[in-house]
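Have a look at the structure below, then the notes.
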Amino acid sequence: MRYHPLTDADRSSMLATIGVESVDALFAELPAGEPSFDLPNQQSEINVERALNAFAKENLSCADAPSFLGAGNYRHHTPASLDHLIQRGEFLTAYTPYQPEISQGTLQTIYEFQSQVALMMDMEVANASMYDGATACAEAAAMACRVTKRSRVLMSGSVHPHYRDVTQTQLKHLVLDIECLSPDPIGIEDLIGRVDDSLSCVVVQNPGFFGHLVDLTPLSEACHAAGVLLVACVAEPVSLGLVTPPGAMGADIVVGEGQSLAGPASFGGPGVGLFATQERFVRQMPGRLCGETVDADGRRGFVLTLSTREQHIRREKATSNICTNSGLIALAFTIHMTLLGEAGFTRLAEVNHANAVTLANKLGAIKGVKVVPQAFFNEFSITLPKPAAAVAETLAQKGVLGGVPVSRFYPRYEELENVLLVTATELTTEGDMDLLVESLTEVLS
Amino acid sequence: MTDYTNTTSGNRGLVFEEPLIFELDSADSTGVDLDAPEHDMDRLGGLRRRGPVGLPGLSEPEVVRHYTRLSQKNYSIDTGFYPLGSCTMKHNPRLNEKMARLPGLGDIHPFQAESTVQGAYQLMDTLATWLKKLTGLPAVALSPAAGAHGELCGLMAIRAAHQAAGNDDRMVVLVPESAHGTNPATAAICGYSVESIPGNGNGRVDVDALTARLGPDIAAVMITNPNTCGLFENEAKVIADAVHAAGAYFYMDGANFNAIVGRVTLSELGVDAMHINLHKTFSTPHGGGGPGAGPTVLSDALAPFAPVPFLVHDANGLHMAEHAGDKDAPQSFGRMKGYHGQFGVFVRALSYMMSLGIDGLREASGDAVLNANYLRVRLSEELTPSYDGICMHEALFDDRFLKGTGVSTLDFAKSMIDEGFHPPTMYFPLVVHGALLMEPTETESKATLDQYCETVLALARKAKRGDAAEEFLSAPHLTPRRRLDETQAARKPVLRWKPEPLKHAAE
């Protein structure tokens, strides 16, 4: 086997040193008998490539079709240097930085990541990452319950349905009551009227799942007056280049999905969960934190810190059970943000918004199509005169990935059957837009 | 002797001092150029950001150099021997990276029309088949994102099964004292209280103590096998039978499945649920702390409660069941991860499995256990193994060999860094004093193991000589940073860079 360096001669000599007759004899404590597995034997690199290529060819890649898909996963341009850097073996094949003297590379990148995330969200501190946006949202709600010592959670209909589902699952044995309001395609739900001092937190998303941009300030003021924390989700962090961040509107915990800045969607995983909050809550935070310190010679260095919150020290009293997180995807996020910088990040967001406005204008001009949100960033919902799932399927057959039907998430809500989510990014060309308009017009006529 | 290592720049040859990106800022620089949009129509509803984000500007060459220099401050498998116990730091084949980047696998969106992603579904289905066949269990939930997340999947399924059977007064989970911290932390998220079961003095669970505690309040028993001492729990089946007889479920923590893959099935061991760390057993890269994936295999009793999403075969091919409570998933306990799980990790793991095949996987577990026993025997010349006899994929030593030397486990581990080796896992498991847990993996050559053994034996002799304690206490000496002050980091947390005025305001 090409990955195994031991030769038969090595094995014989090592067995002699150990004093056993065979490798199998080392497994004498396992149940006797050789189980049968009915699986193929080893294959050459060439054959494995062929086999996996065959799977790949059965898929329609977003590289081969104009894509307007979003719903929490966004396709942006990935600079060539990014993928090169994250494949450096020193990053790729290192473990969690438990020995800081030989992990300063990973540790400093985590520190830079935490700093960038905090700045983007306009929050005081951020952690080293969670699995994804949905699990980060669940952890935020759990943290809000610990901080407030209350056990009711109110989730807005603007929050990504997967974030809502994961939060409900993960908190079901911990929290008294998680109320998920009905999906809110039009953006009219009344959250402020529901805030009272029995709630630990209100969870919202901005831009919302249906695309709406909302000023969270009145809601955060109402929350704080009742001792309630405001948890804000950001599923598309590119928006923060142009849109007022949740921290500036009074959010107490901001979570998000960093995939859109880290690389291709990879069918939805792995992503990277972003988690930021205020300094006074830091000891209730889940996940790893990297901090600055000095070494024995007084030079600046970085270590994992405040680990008395974590499972390997606190066991059943830990703030979370998370151990492995999304290190490499966080690194990709950080490298992309560093490449962009202030000027590049702002420009990226401007181009996304401009393309989305252009697309909204074009789609809104099609007979029977209505653009729903007044204010949005790079994604918006449209209503169609017929069911969106069938339309999306027909568009896909024509080679256009035209949008995400909301019925995929909310099959039980008939009133959402005709709603399609549509996204434009910096990768969307005029030609792509015209193709979508043309195909959609044809499908609807 | 003159000290020539104090340079003007602070750099030392190939070891560079590297500032933070914020200290390399040159205002409007960027490494990404996009044309300005042709129009400035604003539909932001008055929510345009006021003021800058505060990000530094760097050009592409500056960014590439910055992260290249930082990478060089890391120890990695590619660089050297990384015997970090319980972490399975084996070679990460680059074929797997290449496969994950095929546009048909990397550049696909989770919510494309299902007819356009049948290849992705087939790949997931193939991975699921491999995992089911390798474990002998009938079902697998692919979506958990890491080992701890897989534990949560297993325990959530167990709690759902108890609830469905009207047994929800079972509120205690038993965990051996040697367990990884994620086990009790996970049980707590499921609302369970946790009780610790002692060891038997031979590094294994005290079966009598465990069975004596079984009763109508016990929901589940979680046992890592091979355990965190690197030993096979040879009474696993006895434990499983007793657990089942008491009406509870048997969760096996599969963090160490790599030691026994291809040599036993879990059905033989009476397992109801086990997570598999694809980033350990199936060699997907650790990436400095993730991402991983923790698919969780389930017995017939637990399979109906598996989380969504999962694949079902229907007339049009494969279809993703995405909603708990729907006809495809009537008893599912819910969703625990966004989208469809760690697909990019699935691609890499399947690429690895297909490369090895069942014969290669058997060889992998064989060589991993052979290498660990070789270390155990050779190092026993000077070090003190915690338990007698054959170990599995990792060898556990304690600090008795350092007694009276003035050198601690930590000091000894740090001195290994100067010798060019990554230290073993230190002070874990907690059941032995000053633990050093060494996991060599199957992808290391005999020459590497011999060099490591000779080095560690020489260090042990030096420590025992008694005249070199200071050298150990101040190690490492040859790294980009010496020992770091962790107490200061925790006492006065500085968790992010701040612009100067803010820094002053905070003081």
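By convention here, the chains of the structure tokens are called A, B, ... in the order presented, each chain's residues are numbered starting at 1, and ligands are numbered starting at 1 in the order presented.
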
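The protein and nucleic acid residues lying at most 10 Å from B:Glu235 are Glu29, Leu30 and Pro31 of chain A; Arg204, Val205, Asp206, Val207, Ala240 and Leu269 of chain B, with only C-alpha atoms considered and sequence neighbours fewer than 5 positions away removed.
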
Output C-alpha atoms for every residue in that selection, as a JSON list (two decimals), in the first residue's frame.
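Once everything was written out, this is selection_26.json:
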[["chain", "number", "residue", "atom", "x", "y", "z"],
["A", 29, "GLU", "CA", -7.96, -9.63, 22.69],
["A", 30, "LEU", "CA", -10.49, -8.93, 19.95],
["A", 31, "PRO", "CA", -13.31, -11.42, 19.41],
["B", 204, "ARG", "CA", -9.85, -0.90, 31.57],
["B", 205, "VAL", "CA", -13.34, -0.30, 32.91],
["B", 206, "ASP", "CA", -14.20, -1.97, 36.20],
["B", 207, "VAL", "CA", -16.98, -4.20, 34.85],
["B", 240, "ALA", "CA", -23.05, -4.43, 26.23],
["B", 269, "LEU", "CA", -19.46, -5.97, 20.31]]

Handout entry: Selection near A:Ile382, 8 Å with only C-alpha atoms, sequence-local residues under 5 positions removed, as a VMD selection string
Key = chain A and resid 369 to 372 419 to 422

C-alpha atoms of the current selection, written as a PDB file, in the first residue's frame:
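Saved as selection-v4.pdb:
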ATOM      1  CA  VAL A 369     -42.872  38.202 -11.304  1.00  0.00           C
ATOM      2  CA  LYS A 370     -42.680  40.402  -8.215  1.00  0.00           C
ATOM      3  CA  VAL A 371     -39.546  41.298  -6.256  1.00  0.00           C
ATOM      4  CA  VAL A 372     -40.540  41.143  -2.578  1.00  0.00           C
ATOM      5  CA  VAL A 419     -41.452  31.993  -3.718  1.00  0.00           C
ATOM      6  CA  LEU A 420     -37.951  31.747  -5.213  1.00  0.00           C
ATOM      7  CA  LEU A 421     -34.733  33.066  -3.650  1.00  0.00           C
ATOM      8  CA  VAL A 422     -32.394  34.660  -6.187  1.00  0.00           C
TER       9      VAL A 422
END

Practice task
Output as JSON, numbers by chain all residues of stretch 292-374 of chain B that backbone DSSP marks as strand (DSSP E).
Solution key: {"B": [296, 297, 298, 310, 311, 312, 313, 314, 317, 318, 319, 320, 321]}

Take the residues from that selection and write them out as a CSV table (one decimal), in the first residue's frame, keeping N, CA and C atoms.
chain,number,residue,atom,x,y,z
B,296,THR,N,-22.2,8.9,12.3
B,296,THR,CA,-22.5,8.1,13.4
B,296,THR,C,-23.3,6.8,13.0
B,297,VAL,N,-22.8,5.7,13.2
B,297,VAL,CA,-23.5,4.4,12.8
B,297,VAL,C,-24.5,4.1,14.0
B,298,LEU,N,-25.6,3.5,13.6
B,298,LEU,CA,-26.7,3.3,14.5
B,298,LEU,C,-27.2,1.9,14.3
B,310,PHE,N,-31.0,12.7,5.4
B,310,PHE,CA,-30.4,11.4,5.0
B,310,PHE,C,-31.0,11.0,3.6
B,311,LEU,N,-30.3,10.2,3.0
B,311,LEU,CA,-30.7,9.8,1.6
B,311,LEU,C,-31.7,8.7,1.6
B,312,VAL,N,-32.7,8.8,0.7
B,312,VAL,CA,-33.6,7.7,0.5
B,312,VAL,C,-33.6,7.4,-1.0
B,313,HIS,N,-33.8,6.1,-1.3
B,313,HIS,CA,-33.9,5.7,-2.7
B,313,HIS,C,-35.3,5.8,-3.2
B,314,ASP,N,-35.6,6.5,-4.2
B,314,ASP,CA,-37.0,6.4,-4.8
B,314,ASP,C,-36.9,6.3,-6.3
B,317,GLY,N,-34.3,8.0,-8.4
B,317,GLY,CA,-32.9,7.9,-8.0
B,317,GLY,C,-32.8,8.2,-6.5
B,318,LEU,N,-31.8,9.0,-6.1
B,318,LEU,CA,-31.7,9.3,-4.7
B,318,LEU,C,-32.3,10.6,-4.4
B,319,HIS,N,-32.9,10.7,-3.2
B,319,HIS,CA,-33.6,11.9,-2.7
B,319,HIS,C,-33.2,12.2,-1.3
B,320,MET,N,-33.1,13.4,-0.9
B,320,MET,CA,-32.6,13.8,0.4
B,320,MET,C,-33.9,14.0,1.3
B,321,ALA,N,-34.0,13.2,2.3
B,321,ALA,CA,-35.1,13.5,3.3
B,321,ALA,C,-34.6,14.6,4.2

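Nearest to A:Ser445 of all the residues A:Gly301, A:Gly368, A:Gly399, A:Gly271 is A:Gly368, based on only C-alpha atoms.
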
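For B:Val32, the residues within 12 Å (counting only C-alpha atoms, excluding itself and residues fewer than 4 positions away along the chain) are His77, Thr78, Pro79, Ala80, Ser81, Leu82, Ile335, His336, Met337, Thr338, Leu339, Leu340, Gly341, Glu342, Ala343, Gly344, Phe345, Thr346, Arg347 and Leu348 of chain A; Asp28, Gly57, Leu58, Ser59, Glu60, Pro61 and Val63 of chain B.
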
Problem - Atomic distance atom CA of B:Ser355 - atom CA of A:Asn41, expressed in Å with one decimal - result: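 Between atom CA of B:Ser355 and atom CA of A:Asn41 the gap is 8.3 Å.
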
Problem - All residues 10 Å or closer to B:Asp217, only C-alpha atoms, same chain fewer than 5 positions away omitted, as a ChimeraX atom specification - result: /B:167-173,246-248

How about saving the chosen residues, N, CA and C atoms kept, as a PDB file, in the first residue's frame?
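Listing of result-v1.pdb after writing:
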ATOM      1  N   ASN B 167     -39.714   5.690  28.345  1.00  0.00           N
ATOM      2  CA  ASN B 167     -38.720   5.470  29.418  1.00  0.00           C
ATOM      3  C   ASN B 167     -37.919   6.723  29.732  1.00  0.00           C
ATOM      4  N   ASP B 168     -38.546   7.871  29.646  1.00  0.00           N
ATOM      5  CA  ASP B 168     -37.747   9.093  29.757  1.00  0.00           C
ATOM      6  C   ASP B 168     -37.401   9.466  31.193  1.00  0.00           C
ATOM      7  N   ASP B 169     -37.622   8.531  32.109  1.00  0.00           N
ATOM      8  CA  ASP B 169     -37.135   8.784  33.468  1.00  0.00           C
ATOM      9  C   ASP B 169     -35.720   8.249  33.641  1.00  0.00           C
ATOM     10  N   ARG B 170     -35.171   7.697  32.592  1.00  0.00           N
ATOM     11  CA  ARG B 170     -33.766   7.278  32.639  1.00  0.00           C
ATOM     12  C   ARG B 170     -32.913   8.516  32.349  1.00  0.00           C
ATOM     13  N   MET B 171     -32.264   9.050  33.358  1.00  0.00           N
ATOM     14  CA  MET B 171     -31.621  10.358  33.179  1.00  0.00           C
ATOM     15  C   MET B 171     -30.131  10.363  33.518  1.00  0.00           C
ATOM     16  N   VAL B 172     -29.535   9.166  33.630  1.00  0.00           N
ATOM     17  CA  VAL B 172     -28.110   9.103  33.988  1.00  0.00           C
ATOM     18  C   VAL B 172     -27.329   8.398  32.880  1.00  0.00           C
ATOM     19  N   VAL B 173     -26.184   8.970  32.550  1.00  0.00           N
ATOM     20  CA  VAL B 173     -25.265   8.336  31.600  1.00  0.00           C
ATOM     21  C   VAL B 173     -23.981   7.984  32.347  1.00  0.00           C
ATOM     22  N   ALA B 246     -30.294  -4.279  31.212  1.00  0.00           N
ATOM     23  CA  ALA B 246     -30.799  -3.264  32.146  1.00  0.00           C
ATOM     24  C   ALA B 246     -31.664  -2.226  31.432  1.00  0.00           C
ATOM     25  N   GLY B 247     -31.896  -2.402  30.117  1.00  0.00           N
ATOM     26  CA  GLY B 247     -32.784  -1.489  29.387  1.00  0.00           C
ATOM     27  C   GLY B 247     -32.105  -0.212  28.929  1.00  0.00           C
ATOM     28  N   ALA B 248     -30.776  -0.191  28.941  1.00  0.00           N
ATOM     29  CA  ALA B 248     -30.048   1.007  28.504  1.00  0.00           C
ATOM     30  C   ALA B 248     -29.362   0.728  27.165  1.00  0.00           C
TER      31      ALA B 248
END

Handout entry: Using only C-alpha atoms: which of A:Pro270, A:Gly402, A:Gly298, A:Gly208 has the shortest distance to chain B
Key = A:Pro270

Handout entry: Atomic separation - atom CA of B:Ile417 relative to atom CA of A:Phe302, Å
Key =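 Separation between atom CA of A:Phe302 and atom CA of B:Ile417: 17.5 Å.
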
Practice task
Looking only at helix (DSSP H, G or I) from DSSP on the backbone, list the matching residues of stretch 351-425 of chain B as a PyMOL selection string.
Solution key: chain B and resi 351-379+399-402+409-418

Residues within 8 Å of stretch 123-125 of chain B, only C-alpha atoms, excluding chain neighbours under 5 positions, as a tab-separated table (two decimals) with C-alpha atoms, in the first residue's frame:
chain	number	residue	atom	x	y	z
A	55	PHE	CA	-19.36	10.85	-9.47
B	311	LEU	CA	-30.69	9.80	1.58
B	343	PHE	CA	-19.43	16.91	2.08
B	346	PHE	CA	-16.77	12.87	2.72
B	347	VAL	CA	-15.04	13.16	-0.66

Exercise for the section: For each of A:Pro66, A:Cys323, A:Val234, A:Ile178, take the minimum atom-to-atom distance to A:Lys398, counting only C-alpha atoms, then give the residue where this is smallest. Expected result: A:Pro66

Exercise for the section: Go ahead and compute the interatomic distance for atom CA of B:Thr405 and atom CA of B:Arg465, in Å to one decimal. Expected result: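 Here the two named atoms are 7.8 Å from each other.
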
Could you name the residues that touch A:Val203 at 8 Å or less, counting only C-alpha atoms, but leaving out those on the same chain fewer than 6 positions away, as an mmCIF file with N, CA and C atoms, in the first residue's frame?
data_model
loop_
_atom_site.group_PDB
_atom_site.id
_atom_site.type_symbol
_atom_site.label_atom_id
_atom_site.label_comp_id
_atom_site.auth_asym_id
_atom_site.auth_seq_id
_atom_site.Cartn_x
_atom_site.Cartn_y
_atom_site.Cartn_z
ATOM 1 N N ALA A 141 -27.830 30.804 21.247
ATOM 2 C CA ALA A 141 -29.062 30.762 22.037
ATOM 3 C C ALA A 141 -28.802 30.095 23.388
ATOM 4 N N VAL A 153 -36.566 31.044 24.345
ATOM 5 C CA VAL A 153 -35.901 31.603 23.170
ATOM 6 C C VAL A 153 -36.973 31.933 22.132
ATOM 7 N N LEU A 154 -36.867 33.112 21.546
ATOM 8 C CA LEU A 154 -37.795 33.502 20.478
ATOM 9 C C LEU A 154 -37.012 33.646 19.173
ATOM 10 N N MET A 155 -37.405 32.869 18.157
ATOM 11 C CA MET A 155 -36.688 32.925 16.880
ATOM 12 C C MET A 155 -37.576 33.528 15.806
ATOM 13 N N SER A 156 -37.014 34.508 15.133
ATOM 14 C CA SER A 156 -37.748 35.226 14.090
ATOM 15 C C SER A 156 -37.932 34.357 12.841
ATOM 16 N N VAL A 159 -34.995 34.069 10.205
ATOM 17 C CA VAL A 159 -33.785 33.275 10.404
ATOM 18 C C VAL A 159 -33.796 32.074 9.458
ATOM 19 N N LEU A 230 -30.036 40.202 22.310
ATOM 20 C CA LEU A 230 -30.349 40.109 20.893
ATOM 21 C C LEU A 230 -29.250 39.301 20.195
ATOM 22 N N VAL A 231 -29.637 38.178 19.610
ATOM 23 C CA VAL A 231 -28.724 37.350 18.838
ATOM 24 C C VAL A 231 -29.001 37.620 17.358
ATOM 25 N N ALA A 232 -27.974 38.035 16.620
ATOM 26 C CA ALA A 232 -28.160 38.332 15.196
ATOM 27 C C ALA A 232 -27.321 37.368 14.367
ATOM 28 N N CYS A 233 -27.933 36.773 13.348
ATOM 29 C CA CYS A 233 -27.234 35.861 12.442
ATOM 30 C C CYS A 233 -26.892 36.598 11.151
#

Exercise for the section: Please identify all polymer residues within 7 Å of stretch 107-120 of chain A, counting only C-alpha atoms, omitting same-chain residues fewer than 6 positions from it, and present them as a ChimeraX atom specification. Expected result: /A:97,126-128,240,245,276,290-291,302-303,330-331,334 /B:53-54,495-497

Handout entry: Counting only C-alpha atoms, the option among A:Cys223, A:Val254, A:Met14, A:Ile329 closest to A:Tyr131
Key =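 Comparing A:Cys223, A:Val254, A:Met14, A:Ile329 against A:Tyr131, the winner is A:Ile329.
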
Handout entry: Shortest interatomic distance to B:Gly254 - which of B:His279, B:Gly201, B:Gly166, B:Asp33, counting only C-alpha atoms
Key =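 Using only C-alpha atoms, B:Gly254 sits closest to B:His279.
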